[in-house]
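S.K.: The file below is structure.txt, compact mmCIF, C-alpha atoms:
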# COMPACT_ATOMS: atom_id res chain seq x y z
CA MET A 1 -6.86 39.43 -67.95
CA PRO A 2 -9.33 38.58 -65.17
CA THR A 3 -11.71 35.69 -65.58
CA LYS A 4 -15.38 36.27 -64.76
CA ILE A 5 -17.70 33.52 -63.57
CA SER A 6 -21.34 33.93 -64.50
CA THR A 7 -23.50 32.40 -61.75
CA GLU A 8 -26.55 32.67 -63.96
CA GLY A 9 -28.12 29.24 -64.34
CA LEU A 10 -26.71 27.71 -61.14
CA GLN A 11 -30.13 26.62 -59.88
CA SER A 12 -31.12 25.07 -63.23
CA ALA A 13 -27.73 23.45 -63.93
CA PRO A 14 -27.94 19.65 -64.19
CA THR A 15 -26.41 17.52 -61.43
CA ALA A 16 -23.32 15.74 -62.74
CA LYS A 17 -21.46 12.60 -61.68
CA ILE A 18 -17.79 13.54 -61.21
CA HIS A 19 -14.61 11.44 -61.01
CA PHE A 20 -11.47 13.14 -59.66
CA MET A 21 -8.56 11.10 -61.02
CA PRO A 22 -4.77 11.19 -60.91
CA ALA A 23 -4.60 11.37 -64.70
CA GLU A 24 -4.36 13.91 -67.46
CA THR A 25 -5.73 13.77 -70.99
CA ASP A 26 -5.23 15.87 -74.08
CA SER A 27 -8.90 15.56 -74.97
CA SER A 28 -11.65 17.98 -74.04
CA GLY A 29 -14.46 16.11 -75.76
CA ALA A 30 -17.14 13.84 -74.43
CA ALA A 31 -16.29 10.37 -73.14
CA ASN A 32 -18.58 7.44 -72.51
CA VAL A 33 -17.52 7.14 -68.85
CA GLU A 34 -20.46 4.97 -67.85
CA LYS A 35 -19.77 2.33 -70.51
CA TYR A 36 -15.97 2.23 -70.34
CA PHE A 37 -15.28 3.04 -66.67
CA GLU A 38 -18.25 3.05 -64.29
CA ASN A 39 -19.45 -0.40 -65.38
CA PHE A 40 -16.17 -1.85 -64.08
CA VAL A 41 -16.11 -0.20 -60.64
CA LYS A 42 -16.17 -2.71 -57.77
CA THR A 43 -17.14 -1.64 -54.23
CA ASP A 44 -16.03 -3.51 -51.09
CA GLN A 45 -17.88 -3.72 -47.75
CA ASN A 46 -16.13 -0.54 -46.50
CA GLY A 47 -17.31 1.57 -49.45
CA VAL A 48 -13.88 1.57 -51.13
CA PHE A 49 -13.95 1.46 -54.95
CA THR A 50 -11.50 -0.34 -57.21
CA ASN A 51 -11.00 -0.08 -60.96
CA SER A 52 -8.16 0.54 -63.40
CA LEU A 53 -7.22 3.22 -65.89
CA ARG A 54 -4.78 2.53 -68.73
CA GLY A 55 -3.77 -0.66 -66.91
CA TYR A 56 -2.98 1.10 -63.62
CA PRO A 57 -4.96 0.11 -60.50
CA LEU A 58 -7.21 2.78 -59.00
CA VAL A 59 -8.63 2.86 -55.48
CA GLY A 60 -11.23 5.42 -54.48
CA ASN A 61 -14.26 6.43 -52.49
CA ASP A 62 -16.97 9.07 -52.45
CA PHE A 63 -16.02 12.55 -51.29
CA SER A 64 -18.72 15.02 -50.25
CA VAL A 65 -18.37 18.71 -50.95
CA PRO A 66 -18.64 20.65 -47.65
CA GLU A 67 -22.21 21.78 -46.95
CA SER A 68 -21.11 25.42 -47.02
CA HIS A 69 -19.95 25.02 -50.65
CA GLN A 70 -21.32 23.97 -54.04
CA GLY A 71 -19.27 22.09 -56.64
CA VAL A 72 -19.69 23.49 -60.14
CA ILE A 73 -18.52 22.63 -63.64
CA LEU A 74 -17.35 25.66 -65.59
CA THR A 75 -16.88 26.06 -69.33
CA SER A 76 -15.83 29.04 -71.42
CA ALA A 77 -18.71 31.08 -72.76
CA LYS A 78 -18.94 31.01 -76.56
CA GLY A 79 -16.91 33.80 -78.09
CA ASP A 80 -15.65 35.06 -74.71
CA SER A 81 -12.70 33.21 -73.21
CA SER A 82 -12.61 35.56 -70.20
CA THR A 83 -16.07 34.50 -68.97
CA MET A 84 -16.88 31.08 -67.56
CA LYS A 85 -20.42 29.81 -67.25
CA ILE A 86 -21.84 27.09 -65.04
CA THR A 87 -22.83 24.00 -67.02
CA GLY A 88 -23.24 21.53 -64.16
CA LYS A 89 -23.16 21.15 -60.40
CA PHE A 90 -22.38 18.43 -57.87
CA ASP A 91 -22.39 17.85 -54.11
CA LYS A 92 -20.18 14.73 -54.13
CA PHE A 93 -17.66 13.07 -56.39
CA SER A 94 -15.65 9.87 -56.68
CA TYR A 95 -12.08 10.53 -55.56
CA TRP A 96 -9.42 8.17 -56.95
CA ASN A 97 -5.77 7.38 -56.15
CA TYR A 98 -3.36 5.06 -57.87
CA ASP A 99 -3.02 1.89 -55.82
CA THR A 100 -3.68 3.45 -52.36
CA ILE A 101 -6.90 4.04 -50.45
CA PRO A 102 -7.71 7.77 -50.25
CA SER A 103 -6.88 9.12 -46.79
CA LYS A 104 -6.47 12.31 -44.75
CA ASN A 105 -2.87 12.42 -46.03
CA ASP A 106 -4.00 13.22 -49.59
CA ALA A 107 -3.50 16.81 -50.75
CA LEU A 108 -7.18 17.23 -51.69
CA ARG A 109 -8.41 16.17 -48.25
CA GLN A 110 -5.85 18.43 -46.57
CA ALA A 111 -6.97 21.34 -48.75
CA MET A 112 -10.59 20.74 -47.74
CA ASP A 113 -9.54 20.87 -44.07
CA TRP A 114 -8.48 24.46 -44.70
CA ILE A 115 -12.13 25.42 -45.16
CA ASP A 116 -12.79 24.60 -41.49
CA ILE A 117 -9.48 26.12 -40.36
CA SER A 118 -10.23 29.34 -42.28
CA ARG A 119 -13.71 29.51 -40.80
CA ALA A 120 -12.26 29.10 -37.29
CA LEU A 121 -9.64 31.80 -37.86
CA HIS A 122 -11.70 34.35 -39.80
CA GLY A 123 -15.33 33.55 -39.15
CA LYS A 124 -17.69 34.66 -36.45
CA GLU A 125 -17.59 32.89 -33.12
CA GLU A 126 -20.89 31.11 -33.76
CA ASP A 127 -19.46 29.66 -37.03
CA CYS A 128 -16.92 27.66 -35.01
CA ALA A 129 -19.41 25.76 -32.85
In structure tokens, how does this file's structure come out?

M.R.:
Amino acid sequence: MPTKISTEGLQSAPTAKIHFMPAETDSSGAANVEKYFENFVKTDQNGVFTNSLRGYPLVGNDFSVPESHQGVILTSAKGDSSTMKITGKFDKFSYWNYDTIPSKNDALRQAMDWIDISRALHGKEEDCA
């Protein structure tokens, strides 16, 4: 069954603070991230963040969404699991790794490079300048 994304409300969606972490939870409820995580983030002179999650060291930094894209938070519409609606948006997020500084070798960064590669291969000539 195809999933539909309703773009209605994109402009009015609240801006969210996002953390992309190498962790998985079984919970889908709210979490007091500011109190239990963000208050313990330390930033060095190079803009690298450190913290820990469940006793494991985390190292991270800010990651900007490419200007040609918009980050969105999607949730299932009430009573319709085949339709997702936009409940938040973001243009940057905190990207975390266990124990290593995020780099161009990370899968997420490599995937984002494909946006530019795709534009160069499939876009108009003026898009590549």

S.K.: Skipping near chain neighbours, those fewer than 5 positions away, what residues fall within 9 Å of Phe37 in chain A using only C-alpha atoms, listed as number ranges by chain?

M.R.: A: 32, 51-53

S.K.: Closest to Val48 in chain A among A:Met21, A:Leu121, A:Ala31, A:Ile101, using all atoms listed in the file?

M.R.: A:Ile101

S.K.: By how many Å are CA of Ser12 in chain A and CA of Gly88 in chain A apart?

M.R.: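 About the pair CA of Ser12 in chain A and CA of Gly88 in chain A: they are 8.7 Å apart.
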
S.K.: Please compute the CA of Ile73 in chain A-CA of Ala16 in chain A distance, one decimal, in Å.

M.R.: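 Computed distance, CA of Ile73 in chain A to CA of Ala16 in chain A, equals 8.4 Å.
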
S.K.: Between CA of Glu8 in chain A and CA of Ser81 in chain A, what is the spacing in Å?

M.R.: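 About the pair CA of Ser81 in chain A and CA of Glu8 in chain A: they are 16.7 Å apart.
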
S.K.: Neighbouring residues of Leu74 in chain A were defined as those with any atom within 7 Å, considering all atoms listed in the file; residues of the same chain fewer than 4 positions away were excluded. Please report them as an MDAnalysis selection string.

M.R.: chainID A and resid 84:87

S.K.: To box range 57-63 of chain A, take all atoms listed in the file, fit an axis-aligned box, add 4 Å on each side, and give centre and edge lengths in Å to one decimal, as JSON.

M.R.:
{"center_x": -11.0, "center_y": 6.3, "center_z": -55.9, "size_x": 20.0, "size_y": 20.4, "size_z": 17.2}

S.K.: I'd like to know which of A:Gly71, A:Gly29, A:Gly79, A:Pro66 is closest to Arg109 in chain A, using all atoms listed in the file.

M.R.: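 Among the listed residues, the smallest separation from Arg109 in chain A belongs to A:Pro66.
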
S.K.: Using only C-alpha atoms, find the one residue out of A:Val72, A:Ala77, A:Ile5, A:Val41 that sits nearest to Val59 in chain A.

M.R.: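 Smallest distance to Val59 in chain A is found for A:Val41.
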
S.K.: For Pro2 in chain A, which residue among A:Thr83, A:Thr100, A:Ser94, A:Thr75 is the nearest when counting all atoms listed in the file?

M.R.: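 Checking each candidate against Pro2 in chain A, we get A:Thr83 as the closest.
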
S.K.: Starting from the incomplete input, reconstruct N, CA and C atoms of range 70-104 of chain A and write that as an mmCIF file, keeping the file's coordinate frame.

M.R.:
data_model
loop_
_atom_site.group_PDB
_atom_site.id
_atom_site.type_symbol
_atom_site.label_atom_id
_atom_site.label_comp_id
_atom_site.auth_asym_id
_atom_site.auth_seq_id
_atom_site.Cartn_x
_atom_site.Cartn_y
_atom_site.Cartn_z
ATOM 1 N N GLN A 70 -20.642 24.634 -52.925
ATOM 2 C CA GLN A 70 -21.320 23.970 -54.040
ATOM 3 C C GLN A 70 -20.275 23.682 -55.119
ATOM 4 N N GLY A 71 -20.154 22.428 -55.538
ATOM 5 C CA GLY A 71 -19.270 22.090 -56.640
ATOM 6 C C GLY A 71 -19.914 22.482 -57.956
ATOM 7 N N VAL A 72 -19.155 23.089 -58.842
ATOM 8 C CA VAL A 72 -19.690 23.490 -60.140
ATOM 9 C C VAL A 72 -18.742 23.080 -61.260
ATOM 10 N N ILE A 73 -19.297 22.898 -62.432
ATOM 11 C CA ILE A 73 -18.520 22.630 -63.640
ATOM 12 C C ILE A 73 -18.592 23.907 -64.476
ATOM 13 N N LEU A 74 -17.426 24.415 -64.835
ATOM 14 C CA LEU A 74 -17.350 25.660 -65.590
ATOM 15 C C LEU A 74 -16.828 25.408 -66.997
ATOM 16 N N THR A 75 -17.388 26.101 -67.964
ATOM 17 C CA THR A 75 -16.880 26.060 -69.330
ATOM 18 C C THR A 75 -16.813 27.493 -69.855
ATOM 19 N N SER A 76 -15.948 27.712 -70.828
ATOM 20 C CA SER A 76 -15.830 29.040 -71.420
ATOM 21 C C SER A 76 -17.100 29.385 -72.176
ATOM 22 N N ALA A 77 -17.542 30.616 -72.017
ATOM 23 C CA ALA A 77 -18.710 31.080 -72.760
ATOM 24 C C ALA A 77 -18.316 31.221 -74.233
ATOM 25 N N LYS A 78 -19.228 30.915 -75.124
ATOM 26 C CA LYS A 78 -18.940 31.010 -76.560
ATOM 27 C C LYS A 78 -18.522 32.423 -76.932
ATOM 28 N N GLY A 79 -17.385 32.521 -77.601
ATOM 29 C CA GLY A 79 -16.910 33.800 -78.090
ATOM 30 C C GLY A 79 -16.286 34.700 -77.037
ATOM 31 N N ASP A 80 -16.205 34.223 -75.782
ATOM 32 C CA ASP A 80 -15.650 35.060 -74.710
ATOM 33 C C ASP A 80 -14.850 34.180 -73.770
ATOM 34 N N SER A 81 -13.542 34.096 -74.005
ATOM 35 C CA SER A 81 -12.700 33.210 -73.210
ATOM 36 C C SER A 81 -12.445 33.748 -71.799
ATOM 37 N N SER A 82 -12.833 35.008 -71.531
ATOM 38 C CA SER A 82 -12.610 35.560 -70.200
ATOM 39 C C SER A 82 -13.820 35.350 -69.279
ATOM 40 N N THR A 83 -14.884 34.766 -69.793
ATOM 41 C CA THR A 83 -16.070 34.500 -68.970
ATOM 42 C C THR A 83 -16.358 33.011 -68.956
ATOM 43 N N MET A 84 -16.534 32.489 -67.738
ATOM 44 C CA MET A 84 -16.880 31.080 -67.560
ATOM 45 C C MET A 84 -18.344 30.995 -67.154
ATOM 46 N N LYS A 85 -19.031 29.980 -67.657
ATOM 47 C CA LYS A 85 -20.420 29.810 -67.250
ATOM 48 C C LYS A 85 -20.598 28.437 -66.618
ATOM 49 N N ILE A 86 -21.566 28.330 -65.757
ATOM 50 C CA ILE A 86 -21.840 27.090 -65.040
ATOM 51 C C ILE A 86 -22.653 26.170 -65.941
ATOM 52 N N THR A 87 -22.121 24.959 -66.175
ATOM 53 C CA THR A 87 -22.830 24.000 -67.020
ATOM 54 C C THR A 87 -23.239 22.749 -66.249
ATOM 55 N N GLY A 88 -22.850 22.665 -64.986
ATOM 56 C CA GLY A 88 -23.240 21.530 -64.160
ATOM 57 C C GLY A 88 -22.891 21.810 -62.706
ATOM 58 N N LYS A 89 -23.452 21.004 -61.817
ATOM 59 C CA LYS A 89 -23.160 21.150 -60.400
ATOM 60 C C LYS A 89 -23.097 19.771 -59.759
ATOM 61 N N PHE A 90 -22.483 19.702 -58.582
ATOM 62 C CA PHE A 90 -22.380 18.430 -57.870
ATOM 63 C C PHE A 90 -22.196 18.696 -56.381
ATOM 64 N N ASP A 91 -22.600 17.729 -55.553
ATOM 65 C CA ASP A 91 -22.390 17.850 -54.110
ATOM 66 C C ASP A 91 -21.503 16.714 -53.586
ATOM 67 N N LYS A 92 -21.138 15.785 -54.467
ATOM 68 C CA LYS A 92 -20.180 14.730 -54.130
ATOM 69 C C LYS A 92 -19.502 14.271 -55.403
ATOM 70 N N PHE A 93 -18.356 13.615 -55.237
ATOM 71 C CA PHE A 93 -17.660 13.070 -56.390
ATOM 72 C C PHE A 93 -16.863 11.856 -55.968
ATOM 73 N N SER A 94 -16.499 11.037 -56.945
ATOM 74 C CA SER A 94 -15.650 9.870 -56.680
ATOM 75 C C SER A 94 -14.199 10.339 -56.760
ATOM 76 N N TYR A 95 -13.461 10.093 -55.682
ATOM 77 C CA TYR A 95 -12.080 10.530 -55.560
ATOM 78 C C TYR A 95 -11.177 9.309 -55.679
ATOM 79 N N TRP A 96 -10.243 9.331 -56.632
ATOM 80 C CA TRP A 96 -9.420 8.170 -56.950
ATOM 81 C C TRP A 96 -7.931 8.430 -56.708
ATOM 82 N N ASN A 97 -7.227 7.404 -56.256
ATOM 83 C CA ASN A 97 -5.770 7.380 -56.150
ATOM 84 C C ASN A 97 -5.248 6.178 -56.912
ATOM 85 N N TYR A 98 -4.013 6.249 -57.334
ATOM 86 C CA TYR A 98 -3.360 5.060 -57.870
ATOM 87 C C TYR A 98 -2.967 4.158 -56.716
ATOM 88 N N ASP A 99 -3.513 2.967 -56.667
ATOM 89 C CA ASP A 99 -3.020 1.890 -55.820
ATOM 90 C C ASP A 99 -3.061 2.116 -54.299
ATOM 91 N N THR A 100 -3.580 3.241 -53.802
ATOM 92 C CA THR A 100 -3.680 3.450 -52.360
ATOM 93 C C THR A 100 -5.064 4.001 -52.014
ATOM 94 N N ILE A 101 -5.586 3.567 -50.887
ATOM 95 C CA ILE A 101 -6.900 4.040 -50.450
ATOM 96 C C ILE A 101 -6.797 5.527 -50.104
ATOM 97 N N PRO A 102 -7.725 6.348 -50.604
ATOM 98 C CA PRO A 102 -7.710 7.770 -50.250
ATOM 99 C C PRO A 102 -7.754 7.939 -48.726
ATOM 100 N N SER A 103 -6.963 8.907 -48.224
ATOM 101 C CA SER A 103 -6.880 9.120 -46.790
ATOM 102 C C SER A 103 -6.732 10.603 -46.479
ATOM 103 N N LYS A 104 -6.677 10.931 -45.196
ATOM 104 C CA LYS A 104 -6.470 12.310 -44.750
ATOM 105 C C LYS A 104 -5.110 12.853 -45.168
#
